[in-house]
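Notes follow the structure.
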Amino acid sequence: MAQNAAEITPLDYTRYDFKDPETYKVRTPKGLSRDIIRQISALKHEPAWMLDYRLRAYEHFLERPMPDWGPDLSDLDFDAYTFYANPLAEGDTKKRWEDLPADIKNTFDRLGIPKAERDYFAGVGAQYDSGTVYHKIREDLSKKGVIFCDTDTALREHSDILRKYFGKIVPYNDNKFSALNSAVWSGGSFVYSPPGVDAGIPLQASFRINAKAVGQFERTLIIADKGAKVHYIEGCTAPIYSENSLHAAVVEVIAEADARIRYTTVQNWSKNVYNLVTKRAHAYENSLVEWVDGNMGSKVTMKYPSVYLKGRGARGDMLSVAFASEGQIIDSGAKAVHSAPDTSSKIIGKSIAIRGGRTSYRGLLHIARGATGSKSAVRCDALLPDAVSRSDTYPYNEVHEYEDVTISHEAVVGKIGEEQIFYLMSRGLNESDAIHLILMGFLAEFAKELPVDYALELNRLIQMEMTGAVG
Amino acid sequence: MTQSESPGHTLIVKDLHATVGGKEILKGVNLTLKTGELVALMGPNGSGKSTLAYALAGHPKYTITSGEAHLDGIDLLKLSPDKRARAGLFLGFQYPVEVSGVSLSKFLWTSFTQTRKAEDVDTDLFQQNLDQHLSSLGLDPAFMKRPLNEGLSGGEKKRTEVLQMATLDPRFAILDEPDSGLDIDAVKQVGETVQKLRSPTRGMLVITHYQRILKYARPDRVYVMVDGMVALSGGRELAEELESKGYDWVKVGAASSKPGTASPASHA
């Protein structure tokens, strides 16, 4: 009975799988060079320090070997990608959807973004390949001093704040892909919430790759000043091509004392996208940073959102969710670095691998000397409905302080039990509905953190994986 | 036509043989259950009572090697478990399975809609019945929000199974040891609820090892299973006889003698 879960049909991605004609205002030639980096920087009229930063990052990228761990990336050919493609002139970000070229507006309409903006969000940004095509924040929030714009605009208009933090949380030499991003970054979100301001209504960013074999390298920087609150949600989609695409983002998050930041990701790239992302937060005294990171799409994902707990009493909560089907490797997890006393971290990893998909949980817990009274709890649950899929767990613990430190780690790999399916079927649910209910239950902790539309979308996505499973 | 005049429905099991992992557990079970009836199925551990319940509900672990099971004219053995449920069969589990993240309320509503025609799905009636059954089983309505069977005590699990039966209102319900592991008060509560749920439109088969629940859920008939067969059947008093004398005499005497009011079921 349970083996039928293996007969689940491939995900119907038709809703996202549509392509606009590739008409770009600016598009760099394939491949990467110093000249192309200079060209990107010049298009953006950047200050010299940024060009210098990009070029240093590029040198590091060239020197840095590919990771010698994790999924196989040998298929990545950096010469095959276009590193900058913008459908609009650089800096021509629109504030009204009507002002966008028709096909691009249509793309975001089909993704439901303008509607979601009306219904749920206090601000929305939309990035299309390298270009930030739309950005808007509700007036009441901007009056309170909240800044929500694309990162290129931030470099022009808020460079004092940006420069203070840019590259400080994730240095360009952190890893090969942070170096690549630092060299060629374009777009991304910049959020700043002033002291005590509650931007509690979520801000949303939608990332779309449209062109074939293009890379998207957005750069996101989120700062909640003392006692401020930010909730940021991002979604990612792309059409299906036989050629691979590359998405290598860097996200830097700073929670000053008593601030709260929640960062939610619903990653649903098409299954030809390499998704290699570095996300890291610094959390100061009594602040809270929450990563809610859902990865359902992409060919290969490597992503381990991290919180560096740098102030007494800081907290980091990470919920990492992976759903890998045929041809997908989702290598994800979380890192908690405790470097101050009385800090706490909670990591929950949940993964489902079906139809030969592969998930890995990779996590780091570091407790530095002096981080007395720290607490950490890690729980990893994997669900394998069939015998052809695979799930691995790689937890790393580095503990240098033991005074009043509490650590727990649990890892459970489960099959969808025949008994569970039988129980639900004996109450009248057919087999695919039974499996669907079990999977949705497994992901309930994640689904309840999402806005209604995203949760419904997740439900639909899993439902489609079930369609036709049983006659 | 009132309910009492409506034509009765029947669950008939004939000479049912079933194996688990190649080992024969059911060796020719015969029994009949009609709507309006409450029947007890007793027997020592390992006699095949639970196997019968699972086999009738269609658990894939049990292979039916011969025999029949019909719900009215419907051949249950040809149906998948969900279709048996839709045909009107309910199994109350001895050990209900936990399902994380799925609330009892979502599950029960899904099940309710799946086991009847769309035109018979009445939201208000569902809620009304649910509230009533929750209260008679002493369950807090907040209970409905909890994940299915997760972190429940043994007693709560049993009461939840009875709650599901009551709300789904099946034509035939098999309750597999609804009393095992319960304290005396809980046995009384579950037993009384089952008794209250007797209805001309429902037949119930209560599987139990002990006579005590039958003080509250008062059966019309008692079947006794021994070694994969129904060895005896009789009235309510048979349960009391078993309580005082144990099962050993049934094993010895089943084939030849007919103690008390009991008679071999195959001749009934």
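All residue names refer to the structure tokens as shown: chains lettered A, B, ... in order, residues numbered from 1 in each chain, ligands numbered from 1 in order.
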message: Near chain B, meaning an atom within 9 Å, which residues of chain A appear when counting only C-alpha atoms? Write them as a list in words.
response: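 Those within range of chain B come out as Met1, Glu418, Glu419, Gln420, Phe422, Tyr423, Leu424, Met425, Ser426, Arg427, Gly428, Leu429, Asn430, Glu431, Leu437, Ile438, Leu439, Met440, Gly441, Phe442, Leu443, Ala444 and Glu445 of chain A.
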Those selected residues, please, written with C-alpha atoms and delivered as a PDB file, in the first residue's frame.
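Heads up, here's the output in out_37.pdb:
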```
ATOM      1  CA  MET A   1       0.000   0.000   0.000  1.00  0.00           C
ATOM      2  CA  GLU A 418       1.240   1.385   6.557  1.00  0.00           C
ATOM      3  CA  GLU A 419      -0.613   1.620   9.867  1.00  0.00           C
ATOM      4  CA  GLN A 420      -1.136   5.371   9.486  1.00  0.00           C
ATOM      5  CA  PHE A 422      -4.692   2.093   6.951  1.00  0.00           C
ATOM      6  CA  TYR A 423      -6.092   4.023   9.886  1.00  0.00           C
ATOM      7  CA  LEU A 424      -7.048   6.969   7.691  1.00  0.00           C
ATOM      8  CA  MET A 425      -8.388   4.722   4.934  1.00  0.00           C
ATOM      9  CA  SER A 426     -10.519   2.797   7.392  1.00  0.00           C
ATOM     10  CA  ARG A 427     -12.263   6.126   7.980  1.00  0.00           C
ATOM     11  CA  GLY A 428     -13.078   6.537   4.300  1.00  0.00           C
ATOM     12  CA  LEU A 429     -10.108   8.520   2.928  1.00  0.00           C
ATOM     13  CA  ASN A 430      -8.668   7.129  -0.275  1.00  0.00           C
ATOM     14  CA  GLU A 431      -4.976   6.325  -0.317  1.00  0.00           C
ATOM     15  CA  LEU A 437      -3.079  14.449   4.945  1.00  0.00           C
ATOM     16  CA  ILE A 438      -0.052  12.788   6.539  1.00  0.00           C
ATOM     17  CA  LEU A 439       2.385  14.948   4.535  1.00  0.00           C
ATOM     18  CA  MET A 440       0.491  18.158   5.296  1.00  0.00           C
ATOM     19  CA  GLY A 441       0.415  17.176   8.955  1.00  0.00           C
ATOM     20  CA  PHE A 442       4.159  16.644   8.852  1.00  0.00           C
ATOM     21  CA  LEU A 443       4.606  20.137   7.420  1.00  0.00           C
ATOM     22  CA  ALA A 444       2.000  21.767   9.669  1.00  0.00           C
ATOM     23  CA  GLU A 445       4.597  23.585  11.768  1.00  0.00           C
TER      24      GLU A 445
END
```
task: Find the spatial neighbours of Gly246 of chain B, counting only C-alpha atoms, within a cut-off of 12 Å - ignore same-chain residues fewer than 2 positions away - and output them as a PyMOL selection string.
output: chain B and resi 42-45+209-211+224+238-244+248-252
Could you take the residues named above and write them with N, CA, C and O atoms, as a short mmCIF file (atom, residue, chain, number, x, y, z; two decimals), in the first residue's frame?
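To be explicit, this is the file written out as part_23.cif:
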```
data_model
loop_
_atom_site.label_atom_id
_atom_site.label_comp_id
_atom_site.auth_asym_id
_atom_site.auth_seq_id
_atom_site.Cartn_x
_atom_site.Cartn_y
_atom_site.Cartn_z
N MET B 42 -16.11 -12.19 22.37
CA MET B 42 -15.14 -12.42 23.44
C MET B 42 -14.20 -13.54 23.04
O MET B 42 -14.37 -14.16 22.00
N GLY B 43 -13.23 -13.75 23.90
CA GLY B 43 -12.30 -14.84 23.62
C GLY B 43 -10.95 -14.56 24.23
O GLY B 43 -10.63 -13.41 24.51
N PRO B 44 -10.17 -15.62 24.43
CA PRO B 44 -8.85 -15.44 25.03
C PRO B 44 -7.89 -14.70 24.09
O PRO B 44 -8.16 -14.58 22.90
N ASN B 45 -6.79 -14.22 24.65
CA ASN B 45 -5.77 -13.58 23.83
C ASN B 45 -5.31 -14.53 22.73
O ASN B 45 -5.14 -15.71 22.97
N HIS B 209 -12.09 -8.64 26.02
CA HIS B 209 -11.52 -9.78 26.71
C HIS B 209 -12.29 -10.03 28.01
O HIS B 209 -12.38 -11.12 28.51
N TYR B 210 -12.84 -8.93 28.54
CA TYR B 210 -13.46 -8.98 29.87
C TYR B 210 -14.95 -8.67 29.80
O TYR B 210 -15.42 -8.00 28.91
N GLN B 211 -15.62 -9.11 30.84
CA GLN B 211 -17.07 -8.96 30.89
C GLN B 211 -17.47 -7.58 31.39
O GLN B 211 -18.58 -7.12 31.13
N VAL B 224 -18.13 -16.24 21.25
CA VAL B 224 -16.83 -16.55 21.84
C VAL B 224 -15.93 -17.16 20.78
O VAL B 224 -16.31 -18.15 20.13
N LEU B 238 -23.80 -15.51 29.03
CA LEU B 238 -22.59 -16.24 28.66
C LEU B 238 -21.34 -15.45 29.07
O LEU B 238 -20.34 -16.01 29.51
N ALA B 239 -21.46 -14.14 28.94
CA ALA B 239 -20.34 -13.27 29.32
C ALA B 239 -20.01 -13.45 30.80
O ALA B 239 -18.84 -13.52 31.20
N GLU B 240 -21.06 -13.51 31.62
CA GLU B 240 -20.84 -13.67 33.06
C GLU B 240 -20.24 -15.04 33.38
O GLU B 240 -19.37 -15.17 34.23
N GLU B 241 -20.71 -16.01 32.65
CA GLU B 241 -20.20 -17.37 32.84
C GLU B 241 -18.70 -17.41 32.53
O GLU B 241 -17.91 -18.01 33.25
N LEU B 242 -18.32 -16.72 31.46
CA LEU B 242 -16.91 -16.69 31.07
C LEU B 242 -16.08 -15.97 32.12
O LEU B 242 -14.96 -16.35 32.42
N GLU B 243 -16.68 -14.91 32.69
CA GLU B 243 -15.97 -14.13 33.70
C GLU B 243 -15.63 -15.02 34.90
O GLU B 243 -14.53 -14.96 35.44
N SER B 244 -16.57 -15.85 35.31
CA SER B 244 -16.31 -16.66 36.50
C SER B 244 -15.52 -17.93 36.16
O SER B 244 -14.71 -18.38 36.94
N ASP B 248 -10.89 -21.56 29.55
CA ASP B 248 -10.33 -22.89 29.30
C ASP B 248 -11.36 -23.95 28.96
O ASP B 248 -11.17 -24.78 28.09
N TRP B 249 -12.47 -23.87 29.65
CA TRP B 249 -13.51 -24.89 29.41
C TRP B 249 -14.06 -24.79 27.99
O TRP B 249 -14.50 -25.75 27.39
N VAL B 250 -14.03 -23.56 27.43
CA VAL B 250 -14.53 -23.41 26.05
C VAL B 250 -13.60 -24.13 25.09
O VAL B 250 -14.01 -24.84 24.20
N LYS B 251 -12.31 -23.94 25.35
CA LYS B 251 -11.32 -24.60 24.49
C LYS B 251 -11.55 -26.10 24.46
O LYS B 251 -11.60 -26.73 23.41
N VAL B 252 -11.74 -26.64 25.68
CA VAL B 252 -11.88 -28.09 25.78
C VAL B 252 -13.23 -28.53 25.24
O VAL B 252 -13.33 -29.46 24.45
#
```
field: Interatomic distance, atom CA of Pro178 of chain B to atom CA of Thr208 of chain B (Å, one decimal)
entry: 7.4 Å
- request: For Lys346 of chain A, please output as a ChimeraX atom specification all residues within 6 Å (counting only C-alpha atoms; exclusion window: fewer than 6 positions along the same chain).
  value: /A:317,376-378
task: Write out as a PyMOL selection string all residues of segment 94-241 of chain B that DSSP puts in helix (DSSP H, G or I) for this structure's backbone.
output: chain B and resi 104-114+118-120+123-136+141-145+154-168+184-196+212-215+236-241
- prompt: Looking only at the backbone, which of the residues in segment 12-201 of chain B does DSSP tag as strand (DSSP E or B), as number ranges by chain?
  reply: B: 12-20, 23-34, 38-42, 62-71, 74-75, 89-92, 99-103, 147-148, 172-176, 199
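Going from atom CA of Thr23 of chain A over to atom CA of Leu246 of chain A, you cover 19.5 Å.
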Could you give me, as a PDB file with N, CA and C atoms, in the first residue's frame, the residues within 10 Å of Leu16 of chain B, counting only C-alpha atoms and dropping anything in the same chain fewer than 2 positions from it?
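Written out: part22.pdb:
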```pdb
ATOM      1  N   VAL B  13     -20.559 -12.837   7.968  1.00  0.00           N
ATOM      2  CA  VAL B  13     -19.222 -13.397   7.753  1.00  0.00           C
ATOM      3  C   VAL B  13     -19.376 -14.915   7.680  1.00  0.00           C
ATOM      4  N   LYS B  14     -18.878 -15.484   6.571  1.00  0.00           N
ATOM      5  CA  LYS B  14     -19.076 -16.925   6.355  1.00  0.00           C
ATOM      6  C   LYS B  14     -17.745 -17.627   6.133  1.00  0.00           C
ATOM      7  N   ALA B  18      -8.136 -16.513   7.214  1.00  0.00           N
ATOM      8  CA  ALA B  18      -7.156 -15.467   6.918  1.00  0.00           C
ATOM      9  C   ALA B  18      -5.802 -15.829   7.501  1.00  0.00           C
ATOM     10  N   LEU B  26      -7.301 -16.946  11.205  1.00  0.00           N
ATOM     11  CA  LEU B  26      -8.751 -17.195  11.158  1.00  0.00           C
ATOM     12  C   LEU B  26      -8.978 -18.507  10.421  1.00  0.00           C
ATOM     13  N   LYS B  27      -9.716 -19.397  11.084  1.00  0.00           N
ATOM     14  CA  LYS B  27      -9.834 -20.751  10.541  1.00  0.00           C
ATOM     15  C   LYS B  27     -11.278 -21.119  10.248  1.00  0.00           C
ATOM     16  N   GLY B  28     -12.011 -20.145   9.729  1.00  0.00           N
ATOM     17  CA  GLY B  28     -13.408 -20.432   9.395  1.00  0.00           C
ATOM     18  C   GLY B  28     -14.365 -19.743  10.341  1.00  0.00           C
ATOM     19  N   VAL B  29     -14.372 -18.407  10.274  1.00  0.00           N
ATOM     20  CA  VAL B  29     -15.228 -17.639  11.192  1.00  0.00           C
ATOM     21  C   VAL B  29     -16.620 -17.458  10.577  1.00  0.00           C
ATOM     22  N   ASN B  30     -17.621 -17.712  11.379  1.00  0.00           N
ATOM     23  CA  ASN B  30     -19.001 -17.458  10.990  1.00  0.00           C
ATOM     24  C   ASN B  30     -19.637 -16.528  12.004  1.00  0.00           C
ATOM     25  N   LEU B  31     -20.181 -15.436  11.537  1.00  0.00           N
ATOM     26  CA  LEU B  31     -21.016 -14.633  12.433  1.00  0.00           C
ATOM     27  C   LEU B  31     -21.917 -13.704  11.646  1.00  0.00           C
ATOM     28  N   LEU B  52      -9.843 -10.688  13.109  1.00  0.00           N
ATOM     29  CA  LEU B  52     -11.124 -10.639  12.411  1.00  0.00           C
ATOM     30  C   LEU B  52     -11.505  -9.188  12.111  1.00  0.00           C
ATOM     31  N   ALA B  55      -9.171  -7.831   9.426  1.00  0.00           N
ATOM     32  CA  ALA B  55      -9.415  -8.486   8.140  1.00  0.00           C
ATOM     33  C   ALA B  55     -10.694  -7.934   7.515  1.00  0.00           C
ATOM     34  N   LEU B  56     -11.715  -7.708   8.340  1.00  0.00           N
ATOM     35  CA  LEU B  56     -12.973  -7.176   7.803  1.00  0.00           C
ATOM     36  C   LEU B  56     -12.795  -5.740   7.307  1.00  0.00           C
ATOM     37  N   ILE B  64      -6.834 -12.854   3.032  1.00  0.00           N
ATOM     38  CA  ILE B  64      -8.017 -13.715   3.126  1.00  0.00           C
ATOM     39  C   ILE B  64      -7.796 -14.889   2.177  1.00  0.00           C
ATOM     40  N   THR B  65      -7.820 -16.084   2.718  1.00  0.00           N
ATOM     41  CA  THR B  65      -7.568 -17.248   1.860  1.00  0.00           C
ATOM     42  C   THR B  65      -8.864 -17.889   1.373  1.00  0.00           C
ATOM     43  N   SER B  66      -9.933 -17.796   2.160  1.00  0.00           N
ATOM     44  CA  SER B  66     -11.245 -18.229   1.665  1.00  0.00           C
ATOM     45  C   SER B  66     -12.334 -17.676   2.565  1.00  0.00           C
ATOM     46  N   GLY B  67     -13.553 -17.803   2.113  1.00  0.00           N
ATOM     47  CA  GLY B  67     -14.683 -17.327   2.903  1.00  0.00           C
ATOM     48  C   GLY B  67     -15.274 -16.048   2.338  1.00  0.00           C
ATOM     49  N   GLU B  68     -16.287 -15.554   3.026  1.00  0.00           N
ATOM     50  CA  GLU B  68     -17.029 -14.395   2.530  1.00  0.00           C
ATOM     51  C   GLU B  68     -17.291 -13.397   3.646  1.00  0.00           C
ATOM     52  N   ALA B  69     -17.460 -12.153   3.241  1.00  0.00           N
ATOM     53  CA  ALA B  69     -17.948 -11.127   4.163  1.00  0.00           C
ATOM     54  C   ALA B  69     -18.803 -10.165   3.342  1.00  0.00           C
ATOM     55  N   GLY B 228      -9.240 -19.130  16.318  1.00  0.00           N
ATOM     56  CA  GLY B 228      -9.561 -18.761  14.943  1.00  0.00           C
ATOM     57  C   GLY B 228     -10.968 -19.083  14.486  1.00  0.00           C
ATOM     58  N   MET B 229     -11.816 -19.526  15.425  1.00  0.00           N
ATOM     59  CA  MET B 229     -13.203 -19.815  15.050  1.00  0.00           C
ATOM     60  C   MET B 229     -14.146 -19.306  16.129  1.00  0.00           C
TER      61      MET B 229
END
```
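Proximity to Ser339 of chain A at 12 Å, evaluated using only C-alpha atoms and with sequence-adjacent residues fewer than 6 positions away removed, yields His282, Ala283, Tyr284, Glu285, Val307, Tyr308, Leu309, Lys310, Gly311, Arg312, Gly313, Ala314, Arg315, Ser345, Leu365, His366, Ile367, Ala368, Arg369, Gly370, Ala371, Thr372, Gly373, Ser374, Lys375, Glu398, Val399, His400 and Glu401 of chain A.
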Preceding selection exported with N, CA, C and O atoms as an mmCIF file, in the first residue's frame:
```cif
data_model
loop_
_atom_site.group_PDB
_atom_site.id
_atom_site.type_symbol
_atom_site.label_atom_id
_atom_site.label_comp_id
_atom_site.auth_asym_id
_atom_site.auth_seq_id
_atom_site.Cartn_x
_atom_site.Cartn_y
_atom_site.Cartn_z
ATOM 1 N N HIS A 282 22.987 38.477 12.561
ATOM 2 C CA HIS A 282 23.612 38.791 13.838
ATOM 3 C C HIS A 282 22.516 39.262 14.790
ATOM 4 O O HIS A 282 21.749 40.166 14.444
ATOM 5 N N ALA A 283 22.456 38.624 15.939
ATOM 6 C CA ALA A 283 21.399 38.955 16.898
ATOM 7 C C ALA A 283 22.043 39.509 18.165
ATOM 8 O O ALA A 283 22.870 38.833 18.789
ATOM 9 N N TYR A 284 21.667 40.753 18.518
ATOM 10 C CA TYR A 284 22.245 41.400 19.696
ATOM 11 C C TYR A 284 21.332 41.225 20.915
ATOM 12 O O TYR A 284 20.312 40.524 20.839
ATOM 13 N N GLU A 285 21.677 41.904 22.001
ATOM 14 C CA GLU A 285 21.059 41.654 23.302
ATOM 15 C C GLU A 285 19.529 41.510 23.265
ATOM 16 O O GLU A 285 18.825 42.396 22.758
ATOM 17 N N VAL A 307 22.223 31.987 12.630
ATOM 18 C CA VAL A 307 22.103 33.103 13.559
ATOM 19 C C VAL A 307 23.339 33.116 14.448
ATOM 20 O O VAL A 307 23.686 32.102 15.068
ATOM 21 N N TYR A 308 24.009 34.264 14.479
ATOM 22 C CA TYR A 308 25.127 34.476 15.402
ATOM 23 C C TYR A 308 24.572 35.248 16.581
ATOM 24 O O TYR A 308 24.150 36.404 16.428
ATOM 25 N N LEU A 309 24.556 34.585 17.718
ATOM 26 C CA LEU A 309 23.949 35.181 18.914
ATOM 27 C C LEU A 309 25.036 35.955 19.640
ATOM 28 O O LEU A 309 25.876 35.377 20.330
ATOM 29 N N LYS A 310 25.031 37.272 19.445
ATOM 30 C CA LYS A 310 26.166 38.084 19.868
ATOM 31 C C LYS A 310 25.896 38.926 21.107
ATOM 32 O O LYS A 310 26.802 39.595 21.602
ATOM 33 N N GLY A 311 24.638 38.958 21.560
ATOM 34 C CA GLY A 311 24.339 39.751 22.753
ATOM 35 C C GLY A 311 23.667 38.872 23.798
ATOM 36 O O GLY A 311 22.967 37.896 23.465
ATOM 37 N N ARG A 312 23.841 39.210 25.045
ATOM 38 C CA ARG A 312 23.253 38.416 26.122
ATOM 39 C C ARG A 312 21.737 38.258 25.905
ATOM 40 O O ARG A 312 21.052 39.225 25.569
ATOM 41 N N GLY A 313 21.280 37.044 26.066
ATOM 42 C CA GLY A 313 19.838 36.813 25.990
ATOM 43 C C GLY A 313 19.273 36.762 24.571
ATOM 44 O O GLY A 313 18.061 36.665 24.395
ATOM 45 N N ALA A 314 20.136 36.827 23.563
ATOM 46 C CA ALA A 314 19.623 36.777 22.178
ATOM 47 C C ALA A 314 19.110 35.375 21.865
ATOM 48 O O ALA A 314 19.595 34.381 22.405
ATOM 49 N N ARG A 315 18.115 35.353 20.971
ATOM 50 C CA ARG A 315 17.523 34.061 20.604
ATOM 51 C C ARG A 315 17.501 33.885 19.085
ATOM 52 O O ARG A 315 17.276 34.850 18.352
ATOM 53 N N SER A 345 18.989 28.899 21.184
ATOM 54 C CA SER A 345 18.670 28.604 19.789
ATOM 55 C C SER A 345 17.785 27.380 19.724
ATOM 56 O O SER A 345 17.884 26.473 20.548
ATOM 57 N N LEU A 365 26.121 23.613 15.459
ATOM 58 C CA LEU A 365 25.879 24.284 16.726
ATOM 59 C C LEU A 365 27.244 24.613 17.323
ATOM 60 O O LEU A 365 28.069 23.729 17.534
ATOM 61 N N HIS A 366 27.489 25.917 17.543
ATOM 62 C CA HIS A 366 28.773 26.339 18.101
ATOM 63 C C HIS A 366 28.498 27.105 19.389
ATOM 64 O O HIS A 366 27.758 28.082 19.385
ATOM 65 N N ILE A 367 29.087 26.649 20.465
ATOM 66 C CA ILE A 367 28.964 27.393 21.723
ATOM 67 C C ILE A 367 30.358 27.853 22.125
ATOM 68 O O ILE A 367 31.232 27.035 22.441
ATOM 69 N N ALA A 368 30.558 29.169 22.038
ATOM 70 C CA ALA A 368 31.883 29.712 22.277
ATOM 71 C C ALA A 368 32.170 29.782 23.772
ATOM 72 O O ALA A 368 31.252 29.836 24.598
ATOM 73 N N ARG A 369 33.459 29.814 24.112
ATOM 74 C CA ARG A 369 33.854 29.983 25.500
ATOM 75 C C ARG A 369 33.258 31.298 26.031
ATOM 76 O O ARG A 369 33.314 32.317 25.351
ATOM 77 N N GLY A 370 32.666 31.229 27.181
ATOM 78 C CA GLY A 370 32.069 32.440 27.753
ATOM 79 C C GLY A 370 30.565 32.531 27.519
ATOM 80 O O GLY A 370 29.884 33.338 28.137
ATOM 81 N N ALA A 371 30.043 31.694 26.632
ATOM 82 C CA ALA A 371 28.591 31.730 26.373
ATOM 83 C C ALA A 371 27.889 30.869 27.423
ATOM 84 O O ALA A 371 27.173 29.916 27.105
ATOM 85 N N THR A 372 28.090 31.247 28.674
ATOM 86 C CA THR A 372 27.519 30.453 29.764
ATOM 87 C C THR A 372 26.000 30.571 29.757
ATOM 88 O O THR A 372 25.441 31.559 29.279
ATOM 89 N N GLY A 373 25.356 29.550 30.269
ATOM 90 C CA GLY A 373 23.893 29.596 30.358
ATOM 91 C C GLY A 373 23.198 29.484 29.011
ATOM 92 O O GLY A 373 22.015 29.788 28.904
ATOM 93 N N SER A 374 23.924 29.061 27.980
ATOM 94 C CA SER A 374 23.298 28.943 26.659
ATOM 95 C C SER A 374 22.472 27.667 26.568
ATOM 96 O O SER A 374 22.784 26.664 27.202
ATOM 97 N N LYS A 375 21.448 27.773 25.753
ATOM 98 C CA LYS A 375 20.584 26.612 25.546
ATOM 99 C C LYS A 375 20.372 26.401 24.059
ATOM 100 O O LYS A 375 20.157 27.366 23.320
ATOM 101 N N GLU A 398 30.160 22.080 18.103
ATOM 102 C CA GLU A 398 31.434 22.585 18.607
ATOM 103 C C GLU A 398 31.137 23.298 19.926
ATOM 104 O O GLU A 398 30.609 24.409 19.915
ATOM 105 N N VAL A 399 31.435 22.630 21.010
ATOM 106 C CA VAL A 399 31.050 23.196 22.306
ATOM 107 C C VAL A 399 32.305 23.525 23.102
ATOM 108 O O VAL A 399 33.110 22.639 23.402
ATOM 109 N N HIS A 400 32.495 24.809 23.400
ATOM 110 C CA HIS A 400 33.687 25.242 24.125
ATOM 111 C C HIS A 400 33.361 25.802 25.504
ATOM 112 O O HIS A 400 34.213 26.366 26.170
ATOM 113 N N GLU A 401 32.108 25.742 25.881
ATOM 114 C CA GLU A 401 31.705 26.251 27.202
ATOM 115 C C GLU A 401 30.686 25.266 27.757
ATOM 116 O O GLU A 401 29.771 24.858 27.044
#
```
